[in-house]
Amino acid sequence: MRNMDSPSMIICRCEEITLQEIVETASRFRCSAREVKLRTRAGMGFCGGRTCRMLVDAIVRQTAGEPAEPLPDAFSLTYRPPVRPVSFSELGGETPDERQN
Amino acid sequence: MNGRIDRHPILGPLPPRKQIRFQFDDRTYLGYEGETIAAALLANGVRALRRHEASGTPRGIYCNIGHCFECRVTVDGKDNIRACLTPIRDGMVVRSGRKLPAPFVVGGDSL
Amino acid sequence: MTDVLIIGAGPAGLSAAIACAENGLRVKILDEFVKPGGRLLGQLHQEPDGKWWNGIEEASALHERAMSLGVELVLGASVFAVRRKEHGWQAESTKGVHQARVLLLATGAAEWPVPIPGWTLPGVMSIGAAQVMTNVHRVRVGRRGVIIGINLLAAAIARELQLAGIELAAMVLPLRSTATGESANPMHVMKSLSHIAPLAPSAWIRTAGKLLKYPAFRQLGVRFFPRGGVRIWGIPVHLRKCAVEIYGTSQVKGVRIADVTPDGRVVPGSDKDVPADFVCIAGGLYPLAELAAVAGCPLMPVPELGGFVPVHNETMQTPLPGLYVAGNITGIENARIAMAQGTVAGLSISLDNGKGGAGMRERLEQAVDHVRRLRESAPIRFHPRVSEGRAKMAEAWRQRQADQGAST
């Protein structure tokens, strides 16, 4: 962390994961953004990582000493459906089905 | 202070709209047809829409367009509805999310 | 069965729907917002010629045209998954499952967050949230606010808030941290502002803007930036102050603001509390490409386009058959370009589905050309090097085609 970093500043709003937790996890385990996500739950909250995904990525890269801009060909965090939280009733198709033949 | 922008130098005056009565956490509020829950509550000076499930810190809108889910409320019994995407309806009953009990966590609330 | 399913009823989605419907295709649009128009709805600014760009009127015109052509519109539908099927594509949403032969993703952009201590308090919102509350819902976001982040989006929306009679106490930089990067560096911000200075309301800022091209002048500008800030539309803009913390218990009460050195470090002991009841965070936009990723479309990082962008060509095709993209999902530009791209996508889809008859290919080429001309003549760009970004994507597409050609 840089000298001015506020360690308790929240990065992942959904899970309330702080900057300190992310930086410490990244440096302790020398791991990828994806592994930081799995270890801290940052990016795994209600919004599906939409708000903090880029931040976690940038922080992990900087902690590892890499530039904050995305690397060409690298895509560290994948998207899996559903990309919005969805209720079981919605998944089960309780809402009108518009399948047409 | 009026919570709405009734007159605007470029967009013009707000057209007349039907008034809507809805409830949020057992209080009745007035809004206008077409307003989202988040907008109607903000016009009434209400910013906090829920409490964080673990820490209990108050939360309100952040993105206002359905991306962040900070504004999730319970509407007519259905959970996790985004207040920023849901138009108010007459008689709608809205409830804010509370901090959840955490009986196995040191310092957490018991059941 | 629907011929074309479009996700997003913004300027790109609506324009594409119109072009498809005009060529006899059956179109359905899904959008999760309460009104059609997407982020175009909140836009309100003056162009260099003095005319007002009124997003509500623009969106209304597009919507009316689309409806008159029989386009089906489903609002309040959040699409959470898309899947390739034998007949084409399937989209699963909170308002049912929808099938079509062709799928167009026009989901626009999302905002980069800029974390600041205290940013989860009620009353702190993204700058886009303030735009929607003000111009779309006509609700006051507060009495007196602070904007954190100095960039084009922040400036445009600051003006919109002011027009609506909302007081802005200051526009400042974010606290420098591992999470905020260059947006907290006065020199970097000064450089990025130099390309928008030509649009500033005051003549001396416009003049200064021309000199900002020179690094030496930028250094002077940052070193001797006025302590009281530079007023733009009466709003004090502080390139040498940052927001250290947002404070309050149940909601925003104010922002602690401190002086910073030319490279963004806080000057100890310089902090002051600025009372405010709302705070807007302005971090910039990136393409909202999650559904493209879920669909299996490859994404490519292109910083000049705002982030990860679905691989596509000038006619808005992606590598996946029947999957198209248009608008800010392809890269951050203005609404006129989004509309023009939507038209390209609509014509492209029509041509690929045998519609439009003779001359269709030429119409498509003209539409592609129109996008290029709009880009060249745009008075302002979100990213100054957007054309380079477009060129990178075009090269990547060419390379893909070449690789595939070589392997067959």
# chains A, B, ... in the order shown; residues from 1 in each chain; ligands from 1
$ residues_around --residues "Met54 (chain A)" --least-positions-apart "3" --cutoff "12 Å" --atoms "only C-alpha atoms" --output "PyMOL selection string"
(chain A and resi 11-12+33-34+37+42-43+49-51+57-61+68-70+75-78) or (chain C and resi 110-115+179-180+283+285-288+306-308)
$ write_last_selection --atoms "N, CA and C atoms" --output "compact mmCIF listing (two decimals), in the first residue's frame"
# COMPACT_ATOMS: atom_id res chain seq x y z
N ILE A 11 -13.61 -1.27 -0.60
CA ILE A 11 -13.47 -1.44 -2.04
C ILE A 11 -14.69 -2.17 -2.58
N CYS A 12 -14.97 -3.35 -2.00
CA CYS A 12 -16.16 -4.09 -2.41
C CYS A 12 -17.30 -3.67 -1.50
N ALA A 33 -6.06 -11.79 -9.51
CA ALA A 33 -7.27 -11.11 -9.05
C ALA A 33 -8.36 -12.11 -8.75
N ARG A 34 -8.42 -13.17 -9.59
CA ARG A 34 -9.45 -14.18 -9.41
C ARG A 34 -9.28 -14.89 -8.07
N LYS A 37 -10.35 -12.68 -5.27
CA LYS A 37 -11.81 -12.69 -5.22
C LYS A 37 -12.29 -13.89 -4.41
N ALA A 42 -14.34 -10.45 -2.29
CA ALA A 42 -14.50 -9.18 -3.02
C ALA A 42 -14.94 -9.52 -4.44
N GLY A 43 -16.01 -8.91 -4.90
CA GLY A 43 -16.49 -9.19 -6.24
C GLY A 43 -17.48 -10.33 -6.28
N GLY A 49 -20.03 -8.29 -8.72
CA GLY A 49 -18.70 -7.74 -9.02
C GLY A 49 -18.73 -6.57 -9.97
N ARG A 50 -19.93 -6.19 -10.39
CA ARG A 50 -20.01 -5.14 -11.40
C ARG A 50 -19.37 -3.84 -10.92
N THR A 51 -19.55 -3.51 -9.62
CA THR A 51 -19.04 -2.23 -9.13
C THR A 51 -17.54 -2.28 -8.88
N ASP A 57 -9.13 -5.72 -9.74
CA ASP A 57 -8.16 -6.02 -10.78
C ASP A 57 -6.98 -5.05 -10.74
N ALA A 58 -7.29 -3.75 -10.73
CA ALA A 58 -6.25 -2.72 -10.75
C ALA A 58 -5.39 -2.77 -9.49
N ILE A 59 -6.03 -2.97 -8.33
CA ILE A 59 -5.30 -3.02 -7.06
C ILE A 59 -4.35 -4.22 -7.04
N VAL A 60 -4.84 -5.37 -7.48
CA VAL A 60 -4.01 -6.58 -7.47
C VAL A 60 -2.83 -6.41 -8.41
N ARG A 61 -3.10 -5.82 -9.57
CA ARG A 61 -2.01 -5.60 -10.53
C ARG A 61 -0.94 -4.70 -9.94
N ALA A 68 -1.33 -0.63 -13.91
CA ALA A 68 -2.75 -0.75 -13.59
C ALA A 68 -3.61 -0.95 -14.82
N GLU A 69 -3.11 -0.60 -15.99
CA GLU A 69 -3.91 -0.76 -17.21
C GLU A 69 -4.00 -2.23 -17.59
N PRO A 70 -5.11 -2.63 -18.18
CA PRO A 70 -5.24 -4.07 -18.50
C PRO A 70 -4.20 -4.51 -19.51
N PHE A 75 -7.39 -11.51 -19.35
CA PHE A 75 -8.77 -11.27 -18.94
C PHE A 75 -8.96 -12.03 -17.66
N SER A 76 -8.60 -11.39 -16.55
CA SER A 76 -8.47 -12.15 -15.32
C SER A 76 -9.77 -12.53 -14.63
N LEU A 77 -10.82 -11.75 -14.81
CA LEU A 77 -12.07 -12.09 -14.12
C LEU A 77 -13.13 -12.42 -15.16
N THR A 78 -13.69 -13.61 -15.07
CA THR A 78 -14.68 -14.01 -16.09
C THR A 78 -16.08 -13.67 -15.62
N ALA C 110 -21.11 1.51 -18.17
CA ALA C 110 -21.27 1.61 -16.71
C ALA C 110 -20.19 2.57 -16.22
N GLU C 111 -20.32 3.02 -14.98
CA GLU C 111 -19.36 4.00 -14.45
C GLU C 111 -18.26 3.35 -13.64
N TRP C 112 -17.05 3.82 -13.84
CA TRP C 112 -15.94 3.43 -12.96
C TRP C 112 -16.19 4.00 -11.58
N PRO C 113 -16.09 3.20 -10.53
CA PRO C 113 -16.22 3.76 -9.18
C PRO C 113 -14.90 4.39 -8.75
N VAL C 114 -14.94 5.39 -7.90
CA VAL C 114 -13.73 5.97 -7.33
C VAL C 114 -13.91 5.89 -5.82
N PRO C 115 -13.30 4.91 -5.17
CA PRO C 115 -13.50 4.76 -3.74
C PRO C 115 -12.84 5.91 -2.96
N ALA C 179 -6.22 2.59 -5.20
CA ALA C 179 -7.46 2.36 -5.95
C ALA C 179 -7.82 3.50 -6.90
N THR C 180 -7.19 4.66 -6.77
CA THR C 180 -7.64 5.78 -7.60
C THR C 180 -6.68 6.14 -8.74
N GLY C 283 -15.94 8.87 -12.10
CA GLY C 283 -14.73 8.13 -12.45
C GLY C 283 -14.58 7.83 -13.93
N LEU C 285 -16.39 6.28 -17.79
CA LEU C 285 -17.27 5.21 -18.27
C LEU C 285 -16.50 4.06 -18.88
N TYR C 286 -17.06 2.86 -18.78
CA TYR C 286 -16.48 1.71 -19.48
C TYR C 286 -17.60 0.90 -20.12
N PRO C 287 -17.32 0.21 -21.22
CA PRO C 287 -18.36 -0.56 -21.91
C PRO C 287 -18.91 -1.66 -21.01
N LEU C 288 -20.23 -1.79 -20.96
CA LEU C 288 -20.88 -2.81 -20.14
C LEU C 288 -21.05 -4.06 -21.01
N GLY C 306 -12.27 2.63 -23.56
CA GLY C 306 -12.83 2.68 -22.21
C GLY C 306 -12.63 1.43 -21.39
N GLY C 307 -12.16 0.32 -21.99
CA GLY C 307 -11.99 -0.90 -21.21
C GLY C 307 -12.04 -2.13 -22.10
N PHE C 308 -12.68 -3.19 -21.60
CA PHE C 308 -12.82 -4.41 -22.39
C PHE C 308 -13.99 -4.26 -23.35
$ residues_around --residues "region 260-271 of chain C" --least-positions-apart "6" --cutoff "7 Å" --atoms "only C-alpha atoms" --output "PyMOL selection string"
chain C and resi 176+184-187+222-223+240-242
$ write_last_selection --atoms "N, CA and C atoms" --output "PDB file, in the first residue's frame"
ATOM      1  N   ARG C 176      -5.611  10.315  -3.333  1.00  0.00           N
ATOM      2  CA  ARG C 176      -4.730   9.393  -4.046  1.00  0.00           C
ATOM      3  C   ARG C 176      -4.592   8.100  -3.249  1.00  0.00           C
ATOM      4  N   ALA C 184      -6.167  10.947  -9.506  1.00  0.00           N
ATOM      5  CA  ALA C 184      -5.839  11.767  -8.346  1.00  0.00           C
ATOM      6  C   ALA C 184      -4.587  12.600  -8.572  1.00  0.00           C
ATOM      7  N   ASN C 185      -4.026  12.530  -9.756  1.00  0.00           N
ATOM      8  CA  ASN C 185      -2.780  13.225 -10.059  1.00  0.00           C
ATOM      9  C   ASN C 185      -3.067  14.503 -10.839  1.00  0.00           C
ATOM     10  N   PRO C 186      -2.783  15.672 -10.226  1.00  0.00           N
ATOM     11  CA  PRO C 186      -3.108  16.947 -10.886  1.00  0.00           C
ATOM     12  C   PRO C 186      -2.514  17.074 -12.294  1.00  0.00           C
ATOM     13  N   MET C 187      -1.276  16.619 -12.472  1.00  0.00           N
ATOM     14  CA  MET C 187      -0.645  16.748 -13.797  1.00  0.00           C
ATOM     15  C   MET C 187      -1.402  15.935 -14.834  1.00  0.00           C
ATOM     16  N   VAL C 222      -0.292  23.610 -13.098  1.00  0.00           N
ATOM     17  CA  VAL C 222      -0.525  22.816 -11.895  1.00  0.00           C
ATOM     18  C   VAL C 222       0.164  23.466 -10.691  1.00  0.00           C
ATOM     19  N   ARG C 223       1.407  23.923 -10.893  1.00  0.00           N
ATOM     20  CA  ARG C 223       2.151  24.516  -9.770  1.00  0.00           C
ATOM     21  C   ARG C 223       1.488  25.781  -9.253  1.00  0.00           C
ATOM     22  N   ARG C 240      -5.852  21.369  -7.219  1.00  0.00           N
ATOM     23  CA  ARG C 240      -4.848  21.150  -6.168  1.00  0.00           C
ATOM     24  C   ARG C 240      -5.502  20.869  -4.823  1.00  0.00           C
ATOM     25  N   LYS C 241      -6.725  20.325  -4.873  1.00  0.00           N
ATOM     26  CA  LYS C 241      -7.370  19.881  -3.636  1.00  0.00           C
ATOM     27  C   LYS C 241      -7.958  18.500  -3.879  1.00  0.00           C
ATOM     28  N   CYS C 242      -8.001  17.703  -2.803  1.00  0.00           N
ATOM     29  CA  CYS C 242      -8.624  16.388  -2.958  1.00  0.00           C
ATOM     30  C   CYS C 242      -9.577  16.117  -1.793  1.00  0.00           C
TER      31      CYS C 242
END
$ residues_around --residues "Arg98 (chain B)" --least-positions-apart "3" --cutoff "12 Å" --atoms "only C-alpha atoms" --output "PyMOL selection string"
chain B and resi 25+48-59+72-74+79+95+101+109
$ closest_atom_pairs --of "chain A" --to "chain B" --cutoff "12 Å" --atoms "only C-alpha atoms" --output "JSON lines"
{"residue": "A:Cys12", "atom": "CA", "partner": "B:Cys68", "partner_atom": "CA", "distance": 10.8}
{"residue": "A:Arg13", "atom": "CA", "partner": "B:Glu70", "partner_atom": "CA", "distance": 8.5}
{"residue": "A:Cys14", "atom": "CA", "partner": "B:Glu70", "partner_atom": "CA", "distance": 7.7}
{"residue": "A:Glu15", "atom": "CA", "partner": "B:Ala54", "partner_atom": "CA", "distance": 8.3}
{"residue": "A:Glu16", "atom": "CA", "partner": "B:Ser55", "partner_atom": "CA", "distance": 8.2}
{"residue": "A:Ile17", "atom": "CA", "partner": "B:Ser55", "partner_atom": "CA", "distance": 11.3}
{"residue": "A:Gly43", "atom": "CA", "partner": "B:Cys68", "partner_atom": "CA", "distance": 11.5}
{"residue": "A:Gly45", "atom": "CA", "partner": "B:Phe69", "partner_atom": "CA", "distance": 9.9}
{"residue": "A:Phe46", "atom": "CA", "partner": "B:Phe69", "partner_atom": "CA", "distance": 6.8}
{"residue": "A:Cys47", "atom": "CA", "partner": "B:Cys68", "partner_atom": "CA", "distance": 5.3}
{"residue": "A:Gly48", "atom": "CA", "partner": "B:Cys68", "partner_atom": "CA", "distance": 8.6}
{"residue": "A:Gly49", "atom": "CA", "partner": "B:Cys68", "partner_atom": "CA", "distance": 8.8}
{"residue": "A:Arg50", "atom": "CA", "partner": "B:Cys68", "partner_atom": "CA", "distance": 6.9}
{"residue": "A:Thr51", "atom": "CA", "partner": "B:Cys68", "partner_atom": "CA", "distance": 6.2}
{"residue": "A:Cys52", "atom": "CA", "partner": "B:Cys68", "partner_atom": "CA", "distance": 9.6}
{"residue": "A:Arg53", "atom": "CA", "partner": "B:Cys68", "partner_atom": "CA", "distance": 11.7}
{"residue": "A:Val83", "atom": "CA", "partner": "B:His67", "partner_atom": "CA", "distance": 10.1}
{"residue": "A:Arg84", "atom": "CA", "partner": "B:His67", "partner_atom": "CA", "distance": 8.5}
{"residue": "A:Pro85", "atom": "CA", "partner": "B:Asn80", "partner_atom": "CA", "distance": 8.6}
{"residue": "A:Val86", "atom": "CA", "partner": "B:Asn80", "partner_atom": "CA", "distance": 9.1}
{"residue": "A:Ser87", "atom": "CA", "partner": "B:Asn80", "partner_atom": "CA", "distance": 8.9}
{"residue": "A:Phe88", "atom": "CA", "partner": "B:Asp79", "partner_atom": "CA", "distance": 12.0}
{"residue": "A:Ser89", "atom": "CA", "partner": "B:Lys78", "partner_atom": "CA", "distance": 11.2}
$ write_last_selection --atoms "N, CA and C atoms" --output "compact mmCIF listing (two decimals), in the first residue's frame"
# COMPACT_ATOMS: atom_id res chain seq x y z
N CYS A 12 -14.97 -3.35 -2.00
CA CYS A 12 -16.16 -4.09 -2.41
C CYS A 12 -17.30 -3.67 -1.50
N ARG A 13 -18.23 -2.90 -2.06
CA ARG A 13 -19.32 -2.34 -1.23
C ARG A 13 -20.27 -3.43 -0.74
N CYS A 14 -20.51 -4.40 -1.60
CA CYS A 14 -21.48 -5.44 -1.25
C CYS A 14 -21.01 -6.27 -0.06
N GLU A 15 -19.77 -6.67 -0.05
CA GLU A 15 -19.25 -7.53 1.02
C GLU A 15 -18.44 -6.73 2.04
N GLU A 16 -18.32 -5.43 1.85
CA GLU A 16 -17.53 -4.55 2.74
C GLU A 16 -16.10 -5.07 2.91
N ILE A 17 -15.45 -5.37 1.80
CA ILE A 17 -14.05 -5.80 1.84
C ILE A 17 -13.19 -4.54 1.68
N GLY A 43 -16.01 -8.91 -4.90
CA GLY A 43 -16.49 -9.19 -6.24
C GLY A 43 -17.48 -10.33 -6.28
N GLY A 45 -20.28 -10.47 -4.22
CA GLY A 45 -21.49 -10.06 -3.51
C GLY A 45 -22.67 -9.90 -4.45
N PHE A 46 -23.64 -9.18 -3.98
CA PHE A 46 -24.92 -9.09 -4.66
C PHE A 46 -24.82 -8.52 -6.07
N CYS A 47 -23.98 -7.56 -6.29
CA CYS A 47 -23.96 -6.92 -7.61
C CYS A 47 -23.15 -7.73 -8.62
N GLY A 48 -22.64 -8.87 -8.21
CA GLY A 48 -21.93 -9.73 -9.15
C GLY A 48 -20.57 -9.19 -9.53
N GLY A 49 -20.03 -8.29 -8.72
CA GLY A 49 -18.70 -7.74 -9.02
C GLY A 49 -18.73 -6.57 -9.97
N ARG A 50 -19.93 -6.19 -10.39
CA ARG A 50 -20.01 -5.14 -11.40
C ARG A 50 -19.37 -3.84 -10.92
N THR A 51 -19.55 -3.51 -9.62
CA THR A 51 -19.04 -2.23 -9.13
C THR A 51 -17.54 -2.28 -8.88
N CYS A 52 -17.06 -3.38 -8.27
CA CYS A 52 -15.66 -3.36 -7.81
C CYS A 52 -14.70 -4.19 -8.64
N ARG A 53 -15.19 -4.97 -9.59
CA ARG A 53 -14.34 -5.88 -10.37
C ARG A 53 -13.09 -5.19 -10.92
N VAL A 83 -25.89 -12.78 -14.70
CA VAL A 83 -25.13 -11.57 -14.41
C VAL A 83 -25.94 -10.60 -13.58
N ARG A 84 -27.17 -10.98 -13.22
CA ARG A 84 -27.92 -10.20 -12.27
C ARG A 84 -28.45 -11.21 -11.23
N PRO A 85 -28.58 -10.82 -9.97
CA PRO A 85 -29.17 -11.76 -9.01
C PRO A 85 -30.58 -12.11 -9.47
N VAL A 86 -30.93 -13.37 -9.37
CA VAL A 86 -32.23 -13.78 -9.88
C VAL A 86 -32.85 -14.73 -8.87
N SER A 87 -34.16 -14.65 -8.71
CA SER A 87 -34.83 -15.51 -7.74
C SER A 87 -35.06 -16.87 -8.36
N PHE A 88 -35.22 -17.87 -7.50
CA PHE A 88 -35.46 -19.22 -8.02
C PHE A 88 -36.74 -19.28 -8.83
N SER A 89 -37.74 -18.46 -8.43
CA SER A 89 -38.99 -18.50 -9.18
C SER A 89 -38.76 -17.99 -10.60
$ residues_around --residues "Ser6 (chain A)" --least-positions-apart "4" --cutoff "10 Å" --atoms "only C-alpha atoms" --output "VMD selection string"
(chain A and resid 1 to 2 10 18 to 20) or (chain C and resid 116 to 117 175 to 178 244 to 245)
$ write_last_selection --atoms "C-alpha atoms" --output "JSON list (two decimals), in the first residue's frame"
[["chain", "number", "residue", "atom", "x", "y", "z"],
["A", 1, "MET", "CA", 0.00, 0.00, 0.00],
["A", 2, "ARG", "CA", 1.12, 3.57, -0.56],
["A", 10, "ILE", "CA", -14.15, -0.11, 1.45],
["A", 18, "THR", "CA", -11.40, -3.16, 2.59],
["A", 19, "LEU", "CA", -8.38, -2.02, 0.62],
["A", 20, "GLN", "CA", -6.16, -3.50, 3.31],
["C", 116, "ILE", "CA", -13.13, 7.44, -1.07],
["C", 117, "PRO", "CA", -13.30, 6.79, 2.68],
["C", 175, "LEU", "CA", -7.75, 11.05, -2.51],
["C", 176, "ARG", "CA", -4.73, 9.39, -4.05],
["C", 177, "SER", "CA", -4.64, 5.69, -3.26],
["C", 178, "THR", "CA", -3.85, 2.33, -4.79],
["C", 244, "VAL", "CA", -9.84, 12.96, 1.92],
["C", 245, "GLU", "CA", -13.01, 11.63, 3.51]]
$ atom_distance --atom1 "CA of Leu41 (chain C)" --atom2 "CA of Arg372 (chain C)"
24.1 Å
$ residues_around --residues "region 61-71 of chain C" --least-positions-apart "5" --cutoff "9 Å" --atoms "only C-alpha atoms" --output "PyMOL selection string"
chain C and resi 9+11+14-15+17-18+21-22+26-29+36-37+56
$ interface_residues --of "chain C" --to "chain B" --cutoff "6 Å" --atoms "only C-alpha atoms" --output "VMD selection string"
chain C and resid 33 122 125 to 126 129 138 to 140 164
$ residues_around --residues "Gly8 (chain C)" --least-positions-apart "2" --cutoff "6 Å" --atoms "only C-alpha atoms" --output "ChimeraX atom specification"
/C:10,13,30-31,106-107
$ select_by_dssp --residues "chain B" --states "alpha helix (DSSP H)" --output "number ranges by chain"
B: 37-43
$ atom_distance --atom1 "CA of Ile20 (chain B)" --atom2 "CA of Ser96 (chain B)"
19.2 Å
$ residues_around --residues "Glu365 (chain C)" --least-positions-apart "6" --cutoff "12 Å" --atoms "only C-alpha atoms" --output "ChimeraX atom specification"
/C:314-316,341,343-345,347-348,351,359,371-372
$ closest_residue --among "A:Ala64, A:Ser32, A:Ser27, A:Val56" --to "chain C" --atoms "only C-alpha atoms"
A:Val56
$ closest_residue --among "C:Thr318, C:Asn23, C:Gln46, C:Thr120" --to "chain A" --atoms "only C-alpha atoms"
C:Thr120
$ atom_distance --atom1 "CA of Val124 (chain C)" --atom2 "CA of Phe278 (chain C)"
5.7 Å
$ select_by_dssp --residues "region 11-66 of chain B" --states "strand (DSSP E)" --output "PyMOL selection string"
chain B and resi 19-24+27-32+50-51+58-59
